[in-house]
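Student: Structure file entry.txt (compact mmCIF, C-alpha atoms) is given on the next line.
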```txt
# COMPACT_ATOMS: atom_id res chain seq x y z
CA MET U 1 13.10 -3.72 30.90
CA SER U 2 11.04 -3.88 27.71
CA LYS U 3 12.73 -5.09 24.58
CA GLY U 4 12.17 -3.77 21.10
CA LEU U 5 10.28 -0.70 19.94
CA THR U 6 7.10 -0.32 17.89
CA VAL U 7 6.31 3.22 16.73
CA PHE U 8 2.73 4.10 15.79
CA LEU U 9 2.15 7.20 13.66
CA GLY U 10 -1.42 8.37 13.22
CA GLY U 11 -3.36 10.32 10.63
CA ALA U 12 -3.07 13.95 9.59
CA GLY U 13 -2.42 16.15 12.62
CA MET U 14 -1.29 13.07 14.55
CA ASN U 15 -3.71 14.11 17.26
CA GLY U 16 -6.68 12.47 18.94
CA ASN U 17 -7.12 10.08 21.84
CA TYR U 18 -7.30 7.10 19.48
CA GLN U 19 -3.49 7.15 19.30
CA GLU U 20 -3.11 6.39 23.01
CA ASP U 21 -5.83 3.76 22.68
CA MET U 22 -3.98 2.19 19.72
CA VAL U 23 -0.80 1.98 21.80
CA SER U 24 -2.78 0.40 24.65
CA ALA U 25 -4.27 -2.14 22.22
CA LEU U 26 -0.83 -3.03 20.87
CA ARG U 27 0.47 -3.55 24.40
CA ALA U 28 -2.56 -5.66 25.35
CA SER U 29 -2.04 -7.87 22.30
CA GLY U 30 1.49 -8.77 23.43
CA ILE U 31 3.53 -6.31 21.33
CA SER U 32 6.20 -4.93 23.65
CA ASN U 33 7.12 -1.28 24.09
CA PRO U 34 4.68 0.44 21.71
CA VAL U 35 4.77 4.27 21.55
CA TYR U 36 3.23 6.90 19.30
CA GLY U 37 5.02 9.77 17.63
CA ASN U 38 4.33 13.04 15.87
CA TYR U 39 5.64 14.61 12.66
CA SER U 40 4.14 17.75 11.18
CA GLY U 41 4.53 18.31 7.45
CA TRP U 42 4.60 22.11 7.50
CA LEU U 43 4.35 23.12 11.15
CA GLN U 44 7.03 21.07 12.87
CA GLY U 45 7.80 22.54 16.29
CA ILE U 46 4.73 24.77 16.53
CA ASP U 47 1.90 22.38 15.69
CA LYS U 48 1.00 21.59 19.31
CA GLY U 49 0.24 25.25 19.98
CA LEU U 50 -2.36 25.38 17.21
CA HIS U 51 -5.95 24.20 17.00
CA TRP U 52 -6.09 20.53 16.01
CA SER U 53 -7.96 21.37 12.80
CA VAL U 54 -5.15 23.64 11.58
CA ASP U 55 -2.54 20.93 12.16
CA THR U 56 -4.75 18.32 10.48
CA VAL U 57 -5.29 20.43 7.34
CA ALA U 58 -1.57 21.28 7.20
CA ASP U 59 -0.54 17.62 7.27
CA ALA U 60 -3.22 16.63 4.75
CA SER U 61 -2.00 19.31 2.34
CA ALA U 62 1.58 18.04 2.69
CA VAL U 63 0.78 14.48 1.58
CA ILE U 64 1.73 14.84 -2.10
CA PHE U 65 5.06 16.45 -1.17
CA TYR U 66 6.18 13.54 1.01
CA ASN U 67 4.56 10.41 -0.43
CA GLN U 68 7.24 9.40 -2.93
CA ASP U 69 10.70 7.85 -2.60
CA GLN U 70 13.50 10.28 -1.75
CA ASN U 71 15.03 9.69 -5.20
CA ASP U 72 11.76 10.46 -6.97
CA PRO U 73 11.21 14.19 -7.62
CA ILE U 74 8.20 15.81 -6.01
CA ALA U 75 5.84 15.87 -8.97
CA LEU U 76 2.40 17.36 -9.43
CA GLN U 77 0.72 15.17 -12.04
CA PHE U 78 -2.99 14.86 -12.68
CA ALA U 79 -3.10 11.58 -14.61
CA ASN U 80 -2.98 7.98 -13.43
CA THR U 81 0.10 6.49 -15.11
CA ASN U 82 0.77 3.61 -12.71
CA ASP U 83 1.91 0.58 -14.78
CA CYS U 84 1.91 2.59 -18.01
CA LYS U 85 4.81 2.04 -20.41
CA VAL U 86 6.99 5.12 -20.91
CA GLU U 87 7.71 5.71 -24.59
CA GLY U 88 9.70 8.91 -24.18
CA SER U 89 10.22 11.98 -22.01
CA ARG U 90 11.41 15.56 -22.42
CA SER U 91 11.91 18.22 -19.75
CA ALA U 92 12.55 21.94 -19.49
CA PHE U 93 12.25 24.41 -16.59
CA GLY U 94 10.76 21.78 -14.33
CA LEU U 95 8.03 20.81 -16.82
CA VAL U 96 8.20 17.19 -17.99
CA LEU U 97 6.35 15.96 -21.09
CA THR U 98 6.05 12.18 -21.07
CA THR U 99 4.59 9.87 -23.72
CA TYR U 100 2.89 6.66 -22.56
CA SER U 101 1.26 3.55 -24.00
CA GLY U 102 -0.66 0.58 -22.63
CA LEU U 103 -3.15 0.33 -19.76
CA ASN U 104 -2.81 1.79 -16.27
CA ARG U 105 -3.39 -0.13 -13.04
CA SER U 106 -7.11 0.67 -13.16
CA GLY U 107 -7.37 -0.99 -16.58
CA ASP U 108 -7.92 2.31 -18.41
CA GLU U 109 -6.00 3.33 -21.51
CA CYS U 110 -2.91 5.32 -20.61
CA PRO U 111 -2.87 9.00 -21.57
CA ARG U 112 -0.83 9.49 -24.73
CA HIS U 113 0.92 12.56 -23.33
CA THR U 114 1.08 14.05 -19.83
CA ILE U 115 2.69 17.17 -18.44
CA ARG U 116 3.83 17.31 -14.84
CA TYR U 117 5.73 19.84 -12.80
CA GLU U 118 8.67 18.54 -10.82
CA LEU U 119 9.93 20.45 -7.81
CA GLU U 120 13.65 19.79 -7.69
CA THR U 121 13.99 20.60 -4.01
CA PRO U 122 16.63 19.14 -1.68
CA ARG U 123 15.27 16.01 0.03
CA SER U 124 16.94 16.59 3.39
CA SER U 125 13.97 15.92 5.70
CA ASP U 126 14.98 14.09 8.86
CA PHE U 127 12.66 11.26 9.90
CA SER U 128 14.71 10.12 12.88
CA LEU U 129 12.97 9.01 16.07
CA GLN U 130 14.01 12.29 17.67
CA ASN U 131 12.20 14.25 14.95
CA LEU U 132 9.20 11.96 15.39
CA GLU U 133 9.15 13.10 19.04
CA VAL U 134 9.99 9.57 20.20
CA LYS U 135 12.39 9.85 23.10
CA GLN U 136 13.82 6.34 22.78
CA LEU U 137 16.69 5.19 20.62
CA PRO U 138 16.42 2.39 18.05
CA PRO U 139 16.45 -0.90 19.97
CA THR U 140 19.52 -3.10 20.16
CA ASP U 141 17.43 -6.09 21.21
CA GLY U 142 13.98 -7.20 20.09
CA GLN U 143 12.02 -5.95 17.09
CA PHE U 144 12.13 -2.48 15.59
CA ASN U 145 8.72 -1.82 13.97
CA PHE U 146 6.79 1.06 12.42
CA ILE U 147 3.00 1.20 12.07
CA GLY U 148 1.65 4.10 10.03
CA TYR U 149 -1.95 5.11 9.48
CA SER U 150 -2.90 7.51 6.65
CA TRP U 151 -0.48 10.48 6.80
CA GLY U 152 1.45 8.52 9.42
CA SER U 153 2.05 5.72 6.92
CA ILE U 154 4.00 8.14 4.73
CA ILE U 155 6.21 9.21 7.62
CA ALA U 156 6.55 5.60 8.84
CA ALA U 157 7.74 4.51 5.39
CA ARG U 158 10.16 7.43 5.09
CA SER U 159 11.56 6.84 8.60
CA ALA U 160 11.92 3.09 8.04
CA LEU U 161 13.79 3.78 4.81
CA GLN U 162 16.04 6.32 6.50
CA TYR U 163 17.09 3.84 9.17
CA ALA U 164 17.43 0.97 6.68
CA LEU U 165 19.67 3.07 4.43
CA LYS U 166 21.90 3.63 7.46
CA GLY U 167 22.15 -0.12 8.04
CA LYS U 168 19.49 -0.55 10.73
CA THR U 169 17.12 -3.51 10.35
CA ILE U 170 13.39 -2.80 10.43
CA ASP U 171 11.49 -5.96 11.30
CA TYR U 172 7.98 -4.85 10.31
CA LEU U 173 6.62 -1.83 8.46
CA VAL U 174 2.81 -1.72 8.55
CA LEU U 175 1.05 0.71 6.20
CA ILE U 176 -2.66 1.28 6.90
CA GLY U 177 -4.82 3.38 4.56
CA ALA U 178 -1.60 4.61 2.99
CA PRO U 179 -1.76 7.46 0.41
CA ILE U 180 1.73 6.66 -0.90
CA ASN U 181 2.89 6.68 -4.51
CA GLN U 182 4.19 3.55 -6.19
CA SER U 183 7.83 4.72 -5.97
CA LEU U 184 7.74 4.81 -2.16
CA LEU U 185 5.90 1.49 -1.94
CA THR U 186 8.46 -0.11 -4.26
CA ALA U 187 11.37 1.38 -2.30
CA VAL U 188 10.29 -0.06 1.05
CA ARG U 189 9.45 -3.43 -0.47
CA ASN U 190 12.80 -3.67 -2.23
CA ASN U 191 14.98 -2.66 0.72
CA LYS U 192 16.46 -5.86 2.16
CA LEU U 193 16.78 -4.38 5.66
CA ILE U 194 13.02 -3.80 5.84
CA LYS U 195 12.19 -7.42 6.48
CA LYS U 196 8.41 -7.40 6.19
CA VAL U 197 6.03 -4.81 4.70
CA ILE U 198 2.36 -5.29 5.56
CA VAL U 199 -0.12 -3.22 3.54
CA ILE U 200 -3.63 -2.88 4.96
CA ASN U 201 -5.91 -1.04 2.56
CA LEU U 202 -9.31 -0.04 3.92
CA THR U 203 -11.08 -0.10 0.56
CA GLU U 204 -13.46 -2.80 1.82
CA HIS U 205 -14.75 -0.19 4.27
CA GLY U 206 -15.25 2.40 1.53
CA ASP U 207 -11.86 4.09 1.77
CA PRO U 208 -10.82 5.70 -1.56
CA ILE U 209 -7.17 5.62 -0.47
CA TYR U 210 -4.81 2.72 -1.22
CA ALA U 211 -1.06 2.14 -1.26
CA GLY U 212 0.51 2.80 -4.66
CA MET U 213 -2.05 5.34 -5.84
CA SER U 214 -1.31 8.38 -7.98
CA ASP U 215 -1.54 11.99 -6.82
CA LYS U 216 -4.47 12.49 -9.19
CA GLU U 217 -6.40 9.79 -7.34
CA ILE U 218 -5.51 11.35 -3.99
CA ILE U 219 -6.74 14.78 -5.09
CA THR U 220 -9.98 13.44 -6.56
CA ALA U 221 -10.62 11.49 -3.33
CA ILE U 222 -10.69 14.67 -1.22
CA PRO U 223 -14.50 15.20 -1.34
CA ASP U 224 -15.15 11.60 -0.21
CA MET U 225 -12.54 11.96 2.51
CA GLY U 226 -14.16 15.14 3.78
CA LYS U 227 -17.54 13.43 3.95
CA GLN U 228 -16.15 10.38 5.73
CA MET U 229 -14.41 12.58 8.31
CA THR U 230 -17.80 13.88 9.43
CA GLU U 231 -19.30 10.39 9.66
CA GLY U 232 -17.32 9.35 12.73
CA GLY U 233 -15.17 6.37 11.89
CA GLU U 234 -16.27 5.38 8.41
CA GLY U 235 -14.17 4.60 5.35
CA HIS U 236 -10.66 6.00 5.65
CA PHE U 237 -11.23 6.77 9.34
CA TYR U 238 -12.26 3.23 10.27
CA TYR U 239 -9.54 2.85 12.92
CA ALA U 240 -9.69 6.46 14.13
CA ALA U 241 -13.18 6.41 15.62
CA GLU U 242 -13.05 7.64 19.21
CA ASN U 243 -15.85 5.49 20.56
CA GLU U 244 -16.47 1.92 21.67
CA HIS U 245 -16.56 0.65 18.09
CA GLY U 246 -13.19 2.27 17.42
CA SER U 247 -11.62 0.69 20.49
CA THR U 248 -12.89 -2.74 19.44
CA ARG U 249 -11.51 -2.26 15.94
CA ARG U 250 -8.11 -1.15 17.21
CA LEU U 251 -7.81 -4.14 19.54
CA LYS U 252 -8.77 -6.46 16.68
CA LEU U 253 -6.12 -4.78 14.51
CA ALA U 254 -3.48 -5.15 17.24
CA ASN U 255 -4.28 -8.85 17.60
CA GLN U 256 -4.09 -9.23 13.81
CA LEU U 257 -0.62 -7.65 13.81
CA PHE U 258 0.50 -9.89 16.68
CA ARG U 259 -0.61 -12.95 14.70
CA ALA U 260 1.33 -11.58 11.73
CA GLY U 261 4.50 -11.68 13.82
CA LEU U 262 4.93 -8.30 15.48
CA ARG U 263 6.34 -8.55 18.97
```
If you took the structure in this file and wrote it as structure tokens, what would it be?

Tutor:
Amino acid sequence: MSKGLTVFLGGAGMNGNYQEDMVSALRASGISNPVYGNYSGWLQGIDKGLHWSVDTVADASAVIFYNQDQNDPIALQFANTNDCKVEGSRSAFGLVLTTYSGLNRSGDECPRHTIRYELETPRSSDFSLQNLEVKQLPPTDGQFNFIGYSWGSIIAARSALQYALKGKTIDYLVLIGAPINQSLLTAVRNNKLIKKVIVINLTEHGDPIYAGMSDKEIITAIPDMGKQMTEGGEGHFYYAAENEHGSTRRLKLANQLFRAGLR
């Protein structure tokens, strides 16, 4: 009987044969009991009856509503304020006016004032294995790991946090091409029951997405993402190519994760 559980969650739509190939690569590398799951941002329960493109667009449009920590309000903000110093803040009717100083993470001068709209909605989403369509229970022996790619990295982070907050140890959380805000990245890194967080940005392959980015950066990256999607495994879609090159890349990734300690 296999020990442990490693859950792989793929990109928007969580569809495509590359997911099964990724699981096969993980198994071949020596990582026991890998499976892949599914979580639809807007269409949970009906997504499999729709054309793959509809499900993909739905998940992609849900990114900015899921990619922050559960204690961080869903905010639509069109300025990069990562690492900026907050000088003051006022709010009314969901609109928040914040004053900043200093330089942001990109080295640019912080905007003096920004306005964002916060959606104060209940954060009751359930990211349990059952809701990820994984039929197994959290393991009692061996490692409990999550590997998320793109949209899947958001759900992997949220699920890992959910289990950690309930006292369950997560051995490895791997975030690949992750369009997550800084608050979610900080939350998983600071949780003591998430033992190891591995961030794999694909910027060296031309991916405009990276872990810790702002929603403004995600929105402005959409045209490049659309172009890369049509190029068959370039940039953000480096590990999603459904061809021989993609299979080779996925096996190399699996071996890299094995060397990093995943079992």

Student: From the options U:Gln19, U:Lys48, U:Gly13, U:Val63, which residue's atoms come nearest to Ile219 (chain U), counting all atoms listed in the file?

Tutor: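 Among U:Gln19, U:Lys48, U:Gly13, U:Val63, it is U:Val63 that comes nearest to Ile219 (chain U).
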
Student: Please tell me which residues are no farther than 12 Å from (0.2, 0.2, 24.8) in the file, counting only C-alpha atoms, and write them as a ChimeraX atom specification.

Tutor: /U:2,5-8,18-36,250-251,254

Student: Given all atoms listed in the file as the basis, pick out the residue of U:Asn191, U:Thr186, U:Asn145, U:Ser159 nearest to Asp126 (chain U).

Tutor: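 Looking at the shortest contact to Asp126 (chain U), the residue is U:Ser159.
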
Student: Tell me which of U:Ser247, U:Ser40, U:Ser153, U:Asn80 sits closest to Ile198 (chain U), counting all atoms listed in the file.

Tutor: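 Residue with the minimum atom-to-atom distance to Ile198 (chain U): U:Ser153.
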
Student: Between CA of Leu173 (chain U) and CA of Gly226 (chain U), what distance in Å does the model show, to one decimal?

Tutor: 27.2 Å

Student: So how many Å separate CA of Asp207 (chain U) and CA of Gln68 (chain U), to one decimal?

Tutor: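 That distance, rounded to one decimal, is 20.4 Å.
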
Student: Write out as a PyMOL selection string the residues lying within 10 Å of Ile218 (chain U), counting only C-alpha atoms and excluding same-chain residues fewer than 3 positions away.

Tutor: chain U and resi 63-64+78+179-181+208-210+213-215+221-222+225

Student: Tell me, in Å to one decimal, how far CA of Val57 (chain U) is from CA of Ala12 (chain U).

Tutor: 7.2 Å

Student: Could you check which of U:Val199, U:Val134, U:Leu43, U:Met14 is closest to Gly152 (chain U), using all atoms listed in the file?

Tutor: U:Met14

Student: Let me make sure I understand: among U:Asp171, U:Ser91, U:Thr230, U:Leu137, which one has the smallest atom-to-atom distance to Arg116 (chain U) if we use all atoms listed in the file?

Tutor: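 Among the listed residues, the smallest separation from Arg116 (chain U) belongs to U:Ser91.
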
Student: For Asn82 (chain U), please output as an MDAnalysis selection string all residues within 10 Å (counting all atoms listed in the file; exclusion window: fewer than 4 positions along the same chain).

Tutor: chainID U and resid 103:106 110 181:183 212:214

Student: So, counting all atoms listed in the file, which residue among U:Val54, U:Gly206, U:Ala187, U:Leu175 is closest to Lys227 (chain U)?

Tutor: U:Gly206
